[in-house]
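Dropping structure14.tsv in here (TSV, C-alpha atoms):
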```tsv
chain	number	residue	atom	x	y	z
A	32	MET	CA	77.98	86.35	91.02
A	33	HIS	CA	79.10	83.99	93.79
A	34	GLU	CA	77.67	86.12	96.57
A	35	LEU	CA	75.32	83.37	97.78
A	36	SER	CA	78.16	80.91	98.32
A	37	LEU	CA	80.12	83.60	100.20
A	38	VAL	CA	77.09	84.26	102.37
A	39	ALA	CA	76.91	80.52	103.06
A	40	SER	CA	80.49	80.74	104.41
A	41	VAL	CA	79.46	83.71	106.56
A	42	PHE	CA	76.71	81.60	108.12
A	43	ASP	CA	79.08	78.67	108.75
A	44	LEU	CA	81.26	81.13	110.61
A	45	LEU	CA	78.30	82.59	112.57
A	46	GLU	CA	77.35	79.13	113.78
A	47	ASP	CA	80.92	78.39	114.85
A	48	LYS	CA	81.22	81.68	116.72
A	49	ALA	CA	77.82	81.33	118.40
A	50	ARG	CA	78.82	77.86	119.63
A	51	GLU	CA	82.23	79.06	120.77
A	52	HIS	CA	80.83	82.00	122.75
A	53	GLY	CA	77.59	80.38	123.93
A	54	GLY	CA	75.43	82.81	121.94
A	55	ALA	CA	71.88	82.09	120.91
A	56	ARG	CA	71.23	84.81	118.37
A	57	VAL	CA	73.32	86.92	116.07
A	58	THR	CA	72.02	90.50	115.93
A	59	ALA	CA	74.59	92.12	113.64
A	60	VAL	CA	77.24	91.14	111.13
A	61	VAL	CA	79.88	93.59	109.92
A	62	LEU	CA	81.73	92.76	106.71
A	63	LYS	CA	84.67	94.54	105.13
A	64	VAL	CA	84.44	94.32	101.36
A	65	GLY	CA	87.27	95.62	99.22
A	66	VAL	CA	86.26	97.34	96.00
A	67	LEU	CA	88.55	94.91	94.16
A	68	SER	CA	87.12	91.82	95.87
A	69	GLY	CA	84.89	91.08	92.89
A	70	VAL	CA	81.85	91.17	95.13
A	71	VAL	CA	78.88	93.48	94.72
A	72	PRO	CA	77.62	94.78	98.11
A	73	ASP	CA	73.99	94.97	96.91
A	74	LEU	CA	74.04	91.33	95.85
A	75	LEU	CA	75.71	90.33	99.10
A	76	GLU	CA	72.93	92.08	100.98
A	77	SER	CA	70.15	90.37	98.99
A	78	ALA	CA	71.85	87.00	99.47
A	79	PHE	CA	72.19	87.65	103.22
A	80	GLU	CA	68.50	88.61	103.52
A	81	ALA	CA	67.43	85.47	101.64
A	82	TYR	CA	69.74	83.19	103.59
A	83	LYS	CA	69.07	84.39	107.11
A	84	LYS	CA	65.45	83.24	107.37
A	85	GLY	CA	65.12	80.43	109.90
A	86	THR	CA	68.72	80.76	111.08
A	87	LEU	CA	70.28	82.08	114.27
A	88	ALA	CA	70.75	85.39	112.46
A	89	GLU	CA	67.11	85.72	111.36
A	90	SER	CA	66.82	89.27	112.72
A	91	ALA	CA	70.44	90.30	112.22
A	92	ARG	CA	71.35	93.46	110.38
A	93	LEU	CA	74.17	93.37	107.88
A	94	GLU	CA	76.65	96.21	107.72
A	95	ILE	CA	79.01	96.36	104.80
A	96	ALA	CA	82.05	98.59	105.07
A	97	ALA	CA	83.47	99.21	101.60
A	98	VAL	CA	87.27	99.32	101.57
A	99	PRO	CA	88.79	101.55	98.88
A	100	VAL	CA	91.98	100.67	97.07
A	101	ARG	CA	95.09	101.72	98.97
A	102	LEU	CA	98.36	101.74	97.07
A	103	ARG	CA	101.90	101.89	98.37
A	104	CYS	CA	104.55	103.25	96.08
A	105	PRO	CA	107.98	101.58	96.18
A	106	ASP	CA	109.48	104.49	94.21
A	107	CYS	CA	108.61	107.45	96.47
A	108	GLY	CA	107.08	105.74	99.50
A	109	GLY	CA	103.77	107.51	98.85
A	110	ASP	CA	100.44	106.19	100.07
A	111	THR	CA	97.44	106.65	97.76
A	112	VAL	CA	93.77	105.92	98.31
A	113	ARG	CA	91.82	105.45	95.07
A	114	GLU	CA	88.08	105.38	94.51
A	115	ASP	CA	88.47	104.67	90.79
A	116	ALA	CA	90.48	102.16	88.77
A	117	ASP	CA	93.55	104.37	88.44
A	118	PHE	CA	96.37	102.29	89.83
A	119	SER	CA	99.05	104.93	90.03
A	120	CYS	CA	100.81	106.77	92.85
A	121	ALA	CA	99.14	110.16	93.47
A	122	ALA	CA	102.47	111.67	94.55
A	123	CYS	CA	104.86	110.63	91.77
A	124	GLY	CA	102.65	108.95	89.16
A	125	SER	CA	104.49	105.60	89.34
A	126	ARG	CA	102.53	102.56	88.23
A	127	ARG	CA	104.74	100.09	90.02
A	128	VAL	CA	102.49	100.43	93.07
A	129	GLU	CA	101.64	97.63	95.44
A	130	ILE	CA	97.98	97.13	96.35
A	131	VAL	CA	97.88	96.99	100.13
A	132	GLU	CA	94.12	97.24	100.66
A	133	GLY	CA	91.00	96.81	98.55
A	134	ARG	CA	90.95	93.07	97.96
A	135	GLU	CA	89.63	92.00	101.35
A	136	LEU	CA	86.51	90.00	102.01
A	137	VAL	CA	86.41	89.77	105.76
A	138	VAL	CA	83.90	89.19	108.54
A	139	GLU	CA	85.11	92.00	110.79
A	140	ARG	CA	82.87	91.54	113.83
A	141	ILE	CA	79.52	90.21	114.93
A	142	GLU	CA	77.09	91.02	117.70
A	143	LEU	CA	75.92	88.05	119.68
A	144	GLU	CA	73.11	87.76	122.24
A	145	THR	CA	74.27	85.58	125.06
B	130	MET	CA	70.29	88.45	128.06
B	131	SER	CA	73.17	90.63	126.93
B	132	THR	CA	74.69	91.53	123.61
B	133	ARG	CA	78.39	91.14	123.04
B	134	THR	CA	80.48	92.36	120.16
B	135	ILE	CA	82.93	89.77	118.96
B	136	ARG	CA	85.86	90.68	116.78
B	137	VAL	CA	86.10	87.94	114.18
B	138	GLN	CA	88.35	89.22	111.39
B	139	ALA	CA	87.89	86.05	109.35
B	140	ASP	CA	88.80	86.01	105.68
B	141	LEU	CA	85.89	84.55	103.71
B	142	LEU	CA	88.30	83.18	101.12
B	143	ALA	CA	90.58	81.59	103.71
B	144	THR	CA	89.42	78.04	102.94
B	145	ASN	CA	90.13	78.55	99.25
B	146	LYS	CA	93.50	80.14	99.97
B	147	ARG	CA	94.52	77.18	102.13
B	148	ALA	CA	93.48	74.67	99.46
B	149	ALA	CA	95.34	76.71	96.81
B	150	ALA	CA	98.51	76.81	98.91
B	151	ALA	CA	98.41	73.00	99.24
B	152	ILE	CA	98.01	72.60	95.47
B	153	ARG	CA	100.88	75.04	94.79
B	154	GLU	CA	103.14	73.14	97.15
B	155	GLU	CA	102.23	69.80	95.57
B	156	LEU	CA	102.77	71.07	92.00
B	157	ARG	CA	106.11	72.65	92.92
B	158	GLY	CA	107.15	69.44	94.62
B	159	ARG	CA	106.34	67.47	91.48
B	160	GLY	CA	108.07	70.06	89.28
B	161	ILE	CA	104.88	70.87	87.36
B	162	LEU	CA	104.13	74.42	86.19
B	163	GLY	CA	100.49	75.19	86.95
B	164	VAL	CA	98.80	77.67	84.62
B	165	ASN	CA	95.33	79.16	85.22
B	166	LEU	CA	93.60	80.49	82.09
B	167	LEU	CA	90.96	83.17	82.59
B	168	SER	CA	88.74	84.84	80.02
B	169	SER	CA	85.22	85.52	78.84
B	170	PRO	CA	83.37	82.60	77.25
B	171	GLY	CA	84.47	82.07	73.66
B	172	SER	CA	87.81	83.90	73.74
B	173	GLY	CA	89.65	80.82	72.58
B	174	LYS	CA	91.03	79.15	75.71
B	175	THR	CA	90.44	75.60	74.46
B	176	THR	CA	91.68	76.38	70.94
B	177	LEU	CA	94.84	77.88	72.45
B	178	LEU	CA	95.36	74.72	74.52
B	179	GLU	CA	94.93	72.56	71.40
B	180	SER	CA	97.53	74.67	69.66
B	181	LEU	CA	99.93	74.45	72.65
B	182	ALA	CA	99.44	70.64	72.67
B	183	ASP	CA	100.64	70.56	69.05
B	184	ARG	CA	103.67	72.73	69.93
B	185	PHE	CA	104.70	70.69	72.96
B	186	LYS	CA	104.14	67.29	71.29
B	187	GLY	CA	107.20	65.06	71.60
B	188	ARG	CA	109.12	67.65	73.65
B	189	HIS	CA	107.01	68.55	76.67
B	190	THR	CA	104.08	66.88	78.37
B	191	MET	CA	100.92	68.53	79.58
B	192	ALA	CA	97.57	67.80	81.18
B	193	VAL	CA	94.45	69.93	81.30
B	194	ILE	CA	91.72	70.49	83.84
B	195	GLU	CA	88.67	71.98	82.16
B	196	GLY	CA	86.13	74.02	84.07
B	197	ASP	CA	82.69	74.53	82.61
B	198	ILE	CA	79.19	74.93	83.92
B	199	GLU	CA	77.99	71.98	81.81
B	200	THR	CA	79.24	69.34	79.31
B	201	GLU	CA	82.40	67.28	78.81
B	202	ARG	CA	83.03	68.87	75.39
B	203	ASP	CA	86.20	70.83	76.10
B	204	ALA	CA	87.91	67.89	77.81
B	205	GLU	CA	87.01	65.70	74.81
B	206	ARG	CA	88.61	68.22	72.44
B	207	ILE	CA	91.82	68.17	74.49
B	208	ARG	CA	91.85	64.34	74.71
B	209	ARG	CA	91.65	64.14	70.92
B	210	LYS	CA	95.08	65.81	70.96
B	211	GLY	CA	96.42	62.90	73.02
B	212	VAL	CA	96.55	65.03	76.16
B	213	PRO	CA	95.03	63.77	79.43
B	214	ALA	CA	92.13	66.01	80.45
B	215	TRP	CA	89.63	66.15	83.29
B	216	GLN	CA	86.37	68.01	83.10
B	217	ILE	CA	85.02	69.74	86.18
B	218	THR	CA	81.40	70.71	85.64
B	219	THR	CA	80.45	73.27	88.22
B	220	GLY	CA	76.70	72.87	87.68
B	221	GLY	CA	76.10	76.60	87.62
B	222	ALA	CA	78.98	77.98	89.66
B	223	CYS	CA	80.68	80.90	87.94
B	224	HIS	CA	84.29	79.99	88.75
B	225	LEU	CA	86.53	77.11	89.78
B	226	GLU	CA	87.60	76.87	93.40
B	227	ALA	CA	90.84	75.35	94.62
B	228	ARG	CA	89.20	72.34	96.28
B	229	MET	CA	87.55	71.36	92.96
B	230	VAL	CA	91.02	71.30	91.41
B	231	GLY	CA	92.42	69.51	94.46
B	232	ARG	CA	89.96	66.63	93.99
B	233	VAL	CA	91.29	65.97	90.48
B	234	LEU	CA	94.97	66.52	91.27
B	235	GLY	CA	95.55	62.94	92.49
B	236	GLN	CA	94.71	61.61	89.03
B	237	VAL	CA	97.09	63.95	87.21
B	238	PRO	CA	100.26	62.08	86.15
B	239	ALA	CA	103.18	63.00	88.41
B	240	ASP	CA	105.74	63.33	85.62
B	241	ILE	CA	104.17	65.94	83.33
B	242	ASP	CA	105.61	69.40	82.68
B	243	PHE	CA	102.52	71.61	82.54
B	244	LEU	CA	99.12	71.52	84.17
B	245	PHE	CA	96.75	73.92	82.47
B	246	ILE	CA	93.55	74.81	84.26
B	247	GLU	CA	90.95	76.31	81.97
B	248	ASN	CA	88.64	78.29	84.20
B	249	VAL	CA	84.91	78.80	83.65
B	250	GLY	CA	84.45	81.44	80.94
B	251	ASN	CA	83.89	84.58	83.00
B	252	LEU	CA	86.04	87.67	83.29
B	253	VAL	CA	84.81	88.55	86.79
B	254	CYS	CA	84.52	85.82	89.42
B	255	PRO	CA	87.50	83.54	88.61
B	256	ALA	CA	89.82	86.49	89.33
B	257	SER	CA	89.10	86.20	93.07
B	258	TYR	CA	89.97	82.50	93.38
B	259	ASP	CA	93.55	81.31	93.63
B	260	LEU	CA	93.77	77.75	92.26
B	261	GLY	CA	97.35	77.15	93.36
B	262	GLU	CA	98.70	78.02	89.93
B	263	GLU	CA	102.19	79.41	89.33
B	264	VAL	CA	101.13	81.54	86.40
B	265	ARG	CA	97.83	83.21	85.60
B	266	CYS	CA	97.01	84.18	82.02
B	267	VAL	CA	94.08	86.31	81.01
B	268	LEU	CA	92.93	85.96	77.40
B	269	LEU	CA	91.27	88.74	75.45
B	270	SER	CA	90.00	88.00	71.95
B	271	SER	CA	89.81	90.68	69.31
B	272	PRO	CA	85.98	90.51	68.86
B	273	GLU	CA	85.51	91.39	72.54
B	274	GLY	CA	86.89	94.90	72.07
B	275	ASP	CA	90.01	96.62	73.37
B	276	ASP	CA	88.15	98.33	76.25
B	277	LYS	CA	87.87	95.20	78.40
B	278	PRO	CA	90.92	95.74	80.65
B	279	ALA	CA	89.50	99.02	81.95
B	280	LYS	CA	86.04	97.46	82.38
B	281	TYR	CA	87.21	94.32	84.18
B	282	PRO	CA	90.35	95.45	86.05
B	283	GLN	CA	90.39	92.64	88.62
B	284	ALA	CA	91.08	89.94	86.04
B	285	PHE	CA	93.95	91.90	84.50
B	286	LEU	CA	95.35	92.95	87.89
B	287	SER	CA	95.49	89.37	89.08
B	288	ALA	CA	97.19	88.03	85.93
B	289	ASP	CA	100.86	87.53	85.05
B	290	ALA	CA	100.32	87.51	81.29
B	291	LEU	CA	97.83	88.90	78.80
B	292	VAL	CA	97.22	86.79	75.71
B	293	LEU	CA	95.49	88.65	72.89
B	294	THR	CA	93.76	85.94	70.85
B	295	LYS	CA	92.12	85.67	67.41
B	296	THR	CA	94.58	88.17	65.95
B	297	ASP	CA	93.67	86.80	62.49
B	298	LEU	CA	90.36	88.71	62.86
B	299	VAL	CA	91.96	92.05	63.68
B	300	PRO	CA	91.82	93.36	60.05
B	301	TYR	CA	88.01	93.02	60.12
B	302	LEU	CA	87.36	94.59	63.52
B	303	PRO	CA	87.66	97.96	65.22
B	304	PHE	CA	90.12	96.30	67.63
B	305	ASP	CA	93.45	97.93	68.31
B	306	PRO	CA	95.82	95.37	69.91
B	307	GLY	CA	98.15	98.20	70.92
B	308	ARG	CA	95.37	99.96	72.80
B	309	ALA	CA	94.23	96.73	74.48
B	310	ALA	CA	97.79	96.07	75.65
B	311	ALA	CA	98.29	99.68	76.79
B	312	GLU	CA	95.05	99.60	78.82
B	313	ALA	CA	96.05	96.35	80.47
B	314	LEU	CA	99.58	97.60	81.17
B	315	ALA	CA	98.19	100.77	82.74
B	316	ILE	CA	96.45	98.51	85.25
B	317	LYS	CA	99.35	96.07	85.67
B	318	PRO	CA	102.70	97.24	84.28
B	319	SER	CA	104.42	93.90	84.90
B	320	LEU	CA	102.04	91.96	82.58
B	321	ARG	CA	103.73	89.96	79.82
B	322	VAL	CA	101.80	90.52	76.60
B	323	PHE	CA	101.44	87.92	73.83
B	324	ALA	CA	99.43	88.09	70.63
B	325	VAL	CA	98.33	84.81	69.08
B	326	SER	CA	96.20	83.36	66.37
B	327	ALA	CA	95.77	79.78	67.50
B	328	LEU	CA	93.92	78.93	64.27
B	329	ARG	CA	96.88	80.02	62.15
B	330	GLY	CA	99.44	78.99	64.73
B	331	GLU	CA	100.90	82.50	64.94
B	332	GLY	CA	102.46	83.71	68.17
B	333	VAL	CA	101.91	80.41	69.96
B	334	ASP	CA	105.65	79.59	69.91
B	335	ASP	CA	106.46	82.73	71.94
B	336	LEU	CA	103.88	81.83	74.54
B	337	ALA	CA	105.08	78.21	74.66
B	338	ALA	CA	108.67	79.45	75.11
B	339	TRP	CA	107.57	81.65	78.02
B	340	PHE	CA	105.88	78.66	79.71
B	341	ILE	CA	109.07	76.62	79.21
B	342	GLU	CA	111.12	79.42	80.82
B	343	GLY	CA	108.69	79.42	83.74
B	344	LEU	CA	109.03	75.66	84.05
B	345	GLU	CA	112.82	75.89	84.11
B	346	ARG	CA	112.66	78.61	86.77
B	347	LEU	CA	110.30	76.48	88.86
B	348	ARG	CA	112.53	73.41	88.62
B	349	SER	CA	115.67	75.31	89.51
B	350	GLY	CA	113.88	76.61	92.60
B	351	ARG	CA	113.92	80.20	91.45
B	352	ALA	CA	110.15	80.53	91.11
```
In structure tokens, what does this structure look like?
Amino acid sequence: MHELSLVASVFDLLEDKAREHGGARVTAVVLKVGVLSGVVPDLLESAFEAYKKGTLAESARLEIAAVPVRLRCPDCGGDTVREDADFSCAACGSRRVEIVEGRELVVERIELET
Amino acid sequence: MSTRTIRVQADLLATNKRAAAAIREELRGRGILGVNLLSSPGSGKTTLLESLADRFKGRHTMAVIEGDIETERDAERIRRKGVPAWQITTGGACHLEARMVGRVLGQVPADIDFLFIENVGNLVCPASYDLGEEVRCVLLSSPEGDDKPAKYPQAFLSADALVLTKTDLVPYLPFDPGRAAAEALAIKPSLRVFAVSALRGEGVDDLAAWFIEGLERLRSGRA
């Protein structure tokens, strides 16, 4: 439930990038949100819609790319992508897996009108 | 007018991660073991800290940073044990962030052994915020039910230890400590599991001993 404060950081970043690249308006924002990031995409979207009014991203569309959990197994070297909360290697069943993706909360790219 | 796509690849938690790294470095430099306590509201974080204060008294020194949405009550409880405590009231925020802890850090005595940070009672949001701690403990009290690890995997995944609390109530509840531990271990096999009744003082010695081991590791540079 801290989506609004995360969206506030997104907008800080948008302003920085617009200044850096001489852009006037942001038309799209693409976020990568790991399923283990603790963030709910729907809430992020509502927060974004509420926040954008009167900003340089007033008409921007938000795209959220959900990132599933990807596990690397140190026992067999296997690579597993999980949609559920089963943190085990699909190849050998080991639970000593390392989580290599699924925690990210990243502004991937933006579209800027210059 | 033209539209350009700009690759940003900026981590939204980068500011917190930087602040946490600075805290971790400072605590390590001072030889203080930082411990972040996570749990739902009412799982017994403050009572556990009171019990640890009794255990450490005369042998080890500790300080506590309390995170709550409102009131100074938890810090007052800790101070009554003769332990320095600072209350961070987040005014509605659902978790502590590293810079909130960083603001208090300057007031924490330099020569203590343990700095406990009691996070805002919430099994979801605090899991995403590194506070610069060395050790993260997630508490699960018997009245909450043994199904919580599977329901809130992030908190258990991010922790180093699981502390099952209020074990004195287990005889009266459909709570199976074995099942709770097994569910948590299925998510994170390396979790250390402790079972305590802070009210009766049971199991607290084992947990205290584990913190002391962690402190010794930290001070010998093996952390």
Q) What's the 10 Å shell around Ile141 (chain A), counting only C-alpha atoms, without same-chain residues fewer than 6 positions away, as an NGL selection string? A) (:A and (45 or 48-49 or 57-62 or 91-94)) or (:B and (133-138))
Mind dumping the selected residues with C-alpha atoms as a PDB file, in the coordinates of the input?
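Below is the file that was written, part_23.pdb:
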```pdb
ATOM      1  CA  LEU A  45      78.300  82.590 112.570  1.00  0.00           C
ATOM      2  CA  LYS A  48      81.220  81.680 116.720  1.00  0.00           C
ATOM      3  CA  ALA A  49      77.820  81.330 118.400  1.00  0.00           C
ATOM      4  CA  VAL A  57      73.320  86.920 116.070  1.00  0.00           C
ATOM      5  CA  THR A  58      72.020  90.500 115.930  1.00  0.00           C
ATOM      6  CA  ALA A  59      74.590  92.120 113.640  1.00  0.00           C
ATOM      7  CA  VAL A  60      77.240  91.140 111.130  1.00  0.00           C
ATOM      8  CA  VAL A  61      79.880  93.590 109.920  1.00  0.00           C
ATOM      9  CA  LEU A  62      81.730  92.760 106.710  1.00  0.00           C
ATOM     10  CA  ALA A  91      70.440  90.300 112.220  1.00  0.00           C
ATOM     11  CA  ARG A  92      71.350  93.460 110.380  1.00  0.00           C
ATOM     12  CA  LEU A  93      74.170  93.370 107.880  1.00  0.00           C
ATOM     13  CA  GLU A  94      76.650  96.210 107.720  1.00  0.00           C
TER      14      GLU A  94
ATOM     15  CA  ARG B 133      78.390  91.140 123.040  1.00  0.00           C
ATOM     16  CA  THR B 134      80.480  92.360 120.160  1.00  0.00           C
ATOM     17  CA  ILE B 135      82.930  89.770 118.960  1.00  0.00           C
ATOM     18  CA  ARG B 136      85.860  90.680 116.780  1.00  0.00           C
ATOM     19  CA  VAL B 137      86.100  87.940 114.180  1.00  0.00           C
ATOM     20  CA  GLN B 138      88.350  89.220 111.390  1.00  0.00           C
TER      21      GLN B 138
END
```
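Of the listed residues (B:Gly187, B:Gly160, B:Gly235, B:Pro278), B:Pro278 comes nearest to chain A; the distances count all atoms listed in the file.
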Q: Tell me, as a ChimeraX atom specification, which residues lie within 9 Å of Phe340 (chain B), counting all atoms listed in the file; anything in the same chain fewer than 6 positions away does not count.
A: /B:162,164,243,264
Q. In Å to one decimal, how far is CA of Leu35 (chain A) from CA of Phe79 (chain A)?
A.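 Between these atoms lies a distance of 7.6 Å.
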Q.
Please list as a ChimeraX atom specification every residue within 7 Å of Arg103 (chain A), counting only C-alpha atoms and excluding residues in the same chain fewer than 5 positions away.
A. /A:108-111,128-131
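In terms of minimum interatomic distance to Val70 (chain A), A:Glu135 ranks closest within A:Glu51, A:Glu135, A:Glu144, A:Glu89, counting only C-alpha atoms.
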Q.
Please identify all residues of chain B having at least one atom at most 12 Å from any atom of chain A, considering all atoms listed in the file, and return them as a PyMOL selection string.
A. chain B and resi 130-145+221-226+251-258+278-287+312-320
Give me the residues near Gly171 (chain B) as a compact mmCIF listing (two decimals) with C-alpha atoms, keeping the file's coordinate frame, where near means some atom within 9 Å (using only C-alpha atoms) and where sequence neighbours in that chain fewer than 3 positions away do not count.
```
# COMPACT_ATOMS: atom_id res chain seq x y z
CA SER B 168 88.74 84.84 80.02
CA LYS B 174 91.03 79.15 75.71
CA THR B 175 90.44 75.60 74.46
CA GLY B 250 84.45 81.44 80.94
CA SER B 270 90.00 88.00 71.95
```
Q: Would you mind reading off the distance between CA of Ala324 (chain B) and CA of Thr296 (chain B), one decimal, in Å?
A: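 Between these atoms lies a distance of 6.7 Å.
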**Q.** Atom-to-atom span, CA of Glu263 (chain B) and CA of Glu195 (chain B), Å
**A.** 17.0 Å
**Q.** Pick from B:Lys295, B:Val267, B:Pro300, B:Ile152, whichever lies nearest to Val233 (chain B) using only C-alpha atoms
**A.**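 Residue with the minimum atom-to-atom distance to Val233 (chain B): B:Ile152.
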From the coordinates supplied, region 33-49 of chain A should be written with N, CA and C atoms, as a PDB file, in the first residue's frame.
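Generated file (selection_31.pdb):
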```
ATOM      1  N   HIS A  33       2.015   1.229  -0.636  1.00  0.00           N
ATOM      2  CA  HIS A  33       2.822   2.450  -0.720  1.00  0.00           C
ATOM      3  C   HIS A  33       2.962   2.856  -2.185  1.00  0.00           C
ATOM      4  N   GLU A  34       1.949   2.462  -2.983  1.00  0.00           N
ATOM      5  CA  GLU A  34       2.016   2.721  -4.414  1.00  0.00           C
ATOM      6  C   GLU A  34       2.091   4.220  -4.732  1.00  0.00           C
ATOM      7  N   LEU A  35       1.365   5.036  -3.933  1.00  0.00           N
ATOM      8  CA  LEU A  35       1.365   6.473  -4.231  1.00  0.00           C
ATOM      9  C   LEU A  35       2.757   7.073  -4.051  1.00  0.00           C
ATOM     10  N   SER A  36       3.479   6.640  -3.002  1.00  0.00           N
ATOM     11  CA  SER A  36       4.814   7.198  -2.813  1.00  0.00           C
ATOM     12  C   SER A  36       5.770   6.710  -3.906  1.00  0.00           C
ATOM     13  N   LEU A  37       5.545   5.494  -4.414  1.00  0.00           N
ATOM     14  CA  LEU A  37       6.375   5.018  -5.529  1.00  0.00           C
ATOM     15  C   LEU A  37       6.089   5.820  -6.793  1.00  0.00           C
ATOM     16  N   VAL A  38       4.788   6.124  -6.989  1.00  0.00           N
ATOM     17  CA  VAL A  38       4.423   6.919  -8.161  1.00  0.00           C
ATOM     18  C   VAL A  38       5.034   8.318  -8.048  1.00  0.00           C
ATOM     19  N   ALA A  39       5.106   8.847  -6.833  1.00  0.00           N
ATOM     20  CA  ALA A  39       5.751  10.152  -6.637  1.00  0.00           C
ATOM     21  C   ALA A  39       7.215  10.084  -7.087  1.00  0.00           C
ATOM     22  N   SER A  40       7.903   8.958  -6.797  1.00  0.00           N
ATOM     23  CA  SER A  40       9.293   8.830  -7.265  1.00  0.00           C
ATOM     24  C   SER A  40       9.366   8.716  -8.780  1.00  0.00           C
ATOM     25  N   VAL A  41       8.337   8.076  -9.378  1.00  0.00           N
ATOM     26  CA  VAL A  41       8.303   7.998 -10.846  1.00  0.00           C
ATOM     27  C   VAL A  41       8.241   9.413 -11.425  1.00  0.00           C
ATOM     28  N   PHE A  42       7.400  10.259 -10.834  1.00  0.00           N
ATOM     29  CA  PHE A  42       7.242  11.608 -11.379  1.00  0.00           C
ATOM     30  C   PHE A  42       8.494  12.467 -11.158  1.00  0.00           C
ATOM     31  N   ASP A  43       9.193  12.264 -10.045  1.00  0.00           N
ATOM     32  CA  ASP A  43      10.474  12.965  -9.846  1.00  0.00           C
ATOM     33  C   ASP A  43      11.419  12.625 -10.998  1.00  0.00           C
ATOM     34  N   LEU A  44      11.413  11.325 -11.327  1.00  0.00           N
ATOM     35  CA  LEU A  44      12.291  10.834 -12.385  1.00  0.00           C
ATOM     36  C   LEU A  44      11.878  11.408 -13.753  1.00  0.00           C
ATOM     37  N   LEU A  45      10.550  11.470 -14.007  1.00  0.00           N
ATOM     38  CA  LEU A  45      10.060  12.006 -15.277  1.00  0.00           C
ATOM     39  C   LEU A  45      10.508  13.448 -15.456  1.00  0.00           C
ATOM     40  N   GLU A  46      10.422  14.213 -14.369  1.00  0.00           N
ATOM     41  CA  GLU A  46      10.836  15.623 -14.461  1.00  0.00           C
ATOM     42  C   GLU A  46      12.326  15.735 -14.750  1.00  0.00           C
ATOM     43  N   ASP A  47      13.109  14.906 -14.080  1.00  0.00           N
ATOM     44  CA  ASP A  47      14.566  14.909 -14.324  1.00  0.00           C
ATOM     45  C   ASP A  47      14.874  14.580 -15.779  1.00  0.00           C
ATOM     46  N   LYS A  48      14.215  13.530 -16.281  1.00  0.00           N
ATOM     47  CA  LYS A  48      14.506  13.069 -17.645  1.00  0.00           C
ATOM     48  C   LYS A  48      14.044  14.093 -18.683  1.00  0.00           C
ATOM     49  N   ALA A  49      12.885  14.713 -18.428  1.00  0.00           N
ATOM     50  CA  ALA A  49      12.370  15.707 -19.366  1.00  0.00           C
ATOM     51  C   ALA A  49      13.347  16.885 -19.444  1.00  0.00           C
TER      52      ALA A  49
END
```
